[in-house]
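Student: First, the structure itself, so that you have it in front of you.
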Amino acid sequence: MKNCLSNKILTIAIAACLVACAFLFAGCGSSGSGYSTNISKELTHESSAEITHATGFSIDYYKDGYKLITIDEEGQFLIVPEGKEAPSDLSSEIVVIKQPVQNIYLVATATMDMFRSIDALDSIKMTGTKASDWYIPEAVERMEGGQIVYAGKYSMPDYEVILSNNCDLAIESGMIYHTPDVKEALEARGIPVMVDLSSYEGEPLGRVEWVKVYGAITNHEDEANAAFEQQRQLFAEATSGEKLASTPTVAFFYITTSGAVSVRVGDDYIPKMIELAGGKYVYSDLVNENSNASSKTLQMENFYEKAKNADVLIYNSTIDSTMNSIDDMIGKSEFLANFDAVKAGHVWITSQNMYQDSMEFGYFIVDVKKILQNPEVSDDELVYLRRMV
């Protein structure tokens, strides 16, 4: 009996000790993502970057200019300043990126605008997008001038071009997860690979805040903070002012080659921008079960049921660039002729550069706000939308 009681007391004491230790270590040397910031005895942690809207990354600063970028579910990246070496006791799981970073292979197209906004385009030497597919003038100009060369798309990189240009960092989009062998092949050649997951951010400003990651890599932190603050202020201005008496409903979509309809799920950043502008996204309750994909494909009949009475239709031309008029749209499906917005002439289409201009999302909110408040607004007053006729 006495032994039994002693064992119980011992068990309780051990459990309490373990809980206390868990709390102790949880509050010490841990980034917001759960990764530790105590990565080396040779590094002294000094501060962490202020991240206000993004949830997918953190940035930590160490003595002598070392920086640690932690990306949720992706890993950690130690930025080693020029003239310094990586700590000898650094875990092999942490990717080392040595500065200066001057020969980036940029595959994540949405990040080009981030580099432009912080005046760091000189660090990009290769891209996975051809000049004819860029809508950012500076990117086209640099490719035509030879400062940036095409090095193959994400699934078929040109390793010879990449190696001959002394690639010091490959920035991929989440699409690389579909071809993991490519990521492994780049890493096997000694090239650090960072996957940009800004598209996984639910909040629009969370996406924009990823500019701070590239500011840290290129030593353009001040410019990155300024670029983010500019968009934050634009968001604040776009969402302020008098609210509409009623909430107009909006459908954002495009028609696939098979005749189905692709719409955004409710927690995606596009519906959130529509709501910030004063509208109600008709598929606000739509989710992707067992998937973090930002869109979902519906049959036209299902799309018709919920979107036929929408006050406004916005067609996504960043995916489907073949659409030029309402007749083109109806040509893909006669169902659309019966939509209220089509009958009223309240159909708009995005410009093809909207997705690539990732640091200008605030202007899209302003555009949506304008068309909701004044359906007769002129195209000249808009940046990323134009009326379909």
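Labels for the structure tokens follow display order: chains A, B, ..., residues from 1 in each chain, ligands from 1.
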Contacts of Asp380 of chain A at 12 Å or less, counting only C-alpha atoms, minus same-chain residues fewer than 5 places along, as an MDAnalysis selection string?

Tutor: chainID A and resid 367 370 385:387

Student: Sorted by chain and rising residue number, which residues of segment 151-177 of chain A lie within 6 Å of segment 102-119 of chain A, and what are their closest atom pairs and distances in Å to one decimal, counting only C-alpha atoms, as JSON lines?

Tutor:
```
{"residue": "A:Cys167", "atom": "CA", "partner": "A:Asn103", "partner_atom": "CA", "distance": 4.9}
{"residue": "A:Asp168", "atom": "CA", "partner": "A:Asn103", "partner_atom": "CA", "distance": 5.5}
{"residue": "A:Leu169", "atom": "CA", "partner": "A:Ile104", "partner_atom": "CA", "distance": 4.9}
{"residue": "A:Ala170", "atom": "CA", "partner": "A:Tyr105", "partner_atom": "CA", "distance": 4.6}
{"residue": "A:Ile171", "atom": "CA", "partner": "A:Leu106", "partner_atom": "CA", "distance": 5.0}
{"residue": "A:Glu172", "atom": "CA", "partner": "A:Val107", "partner_atom": "CA", "distance": 4.9}
{"residue": "A:Ser173", "atom": "CA", "partner": "A:Ala108", "partner_atom": "CA", "distance": 4.5}
```

Student: For segment 208-220 of chain A, list every protein, DNA or RNA residue within 8 Å, evaluated using only C-alpha atoms, and leave out those in the same chain fewer than 2 positions away; present the list as a ChimeraX atom specification.

Tutor: /A:51,53-54,57,59,67,69,79,99-101,111,114-115,118,120,123,198,204-206,222-225,227-228,231,358-359,361

Student: Please identify which residues in segment 16-259 of chain A DSSP calls alpha helix (DSSP H) from the backbone, and express them as a VMD selection string.

Tutor: chain A and resid 16 to 26 112 to 117 137 to 145 159 to 164 180 to 188 204 to 208 211 to 218 221 to 238

Student: Ranking A:Ala139, A:Ile39, A:Lys125, A:Asp64 by minimum distance to Ser92 of chain A and counting only C-alpha atoms, which one comes first?

Tutor: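 The closest residue to Ser92 of chain A is A:Ile39.
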
Student: Quick check, in Å to one decimal: how far apart do atom CA of Leu313 of chain A and atom CA of Asp340 of chain A lie?

Tutor: 9.3 Å
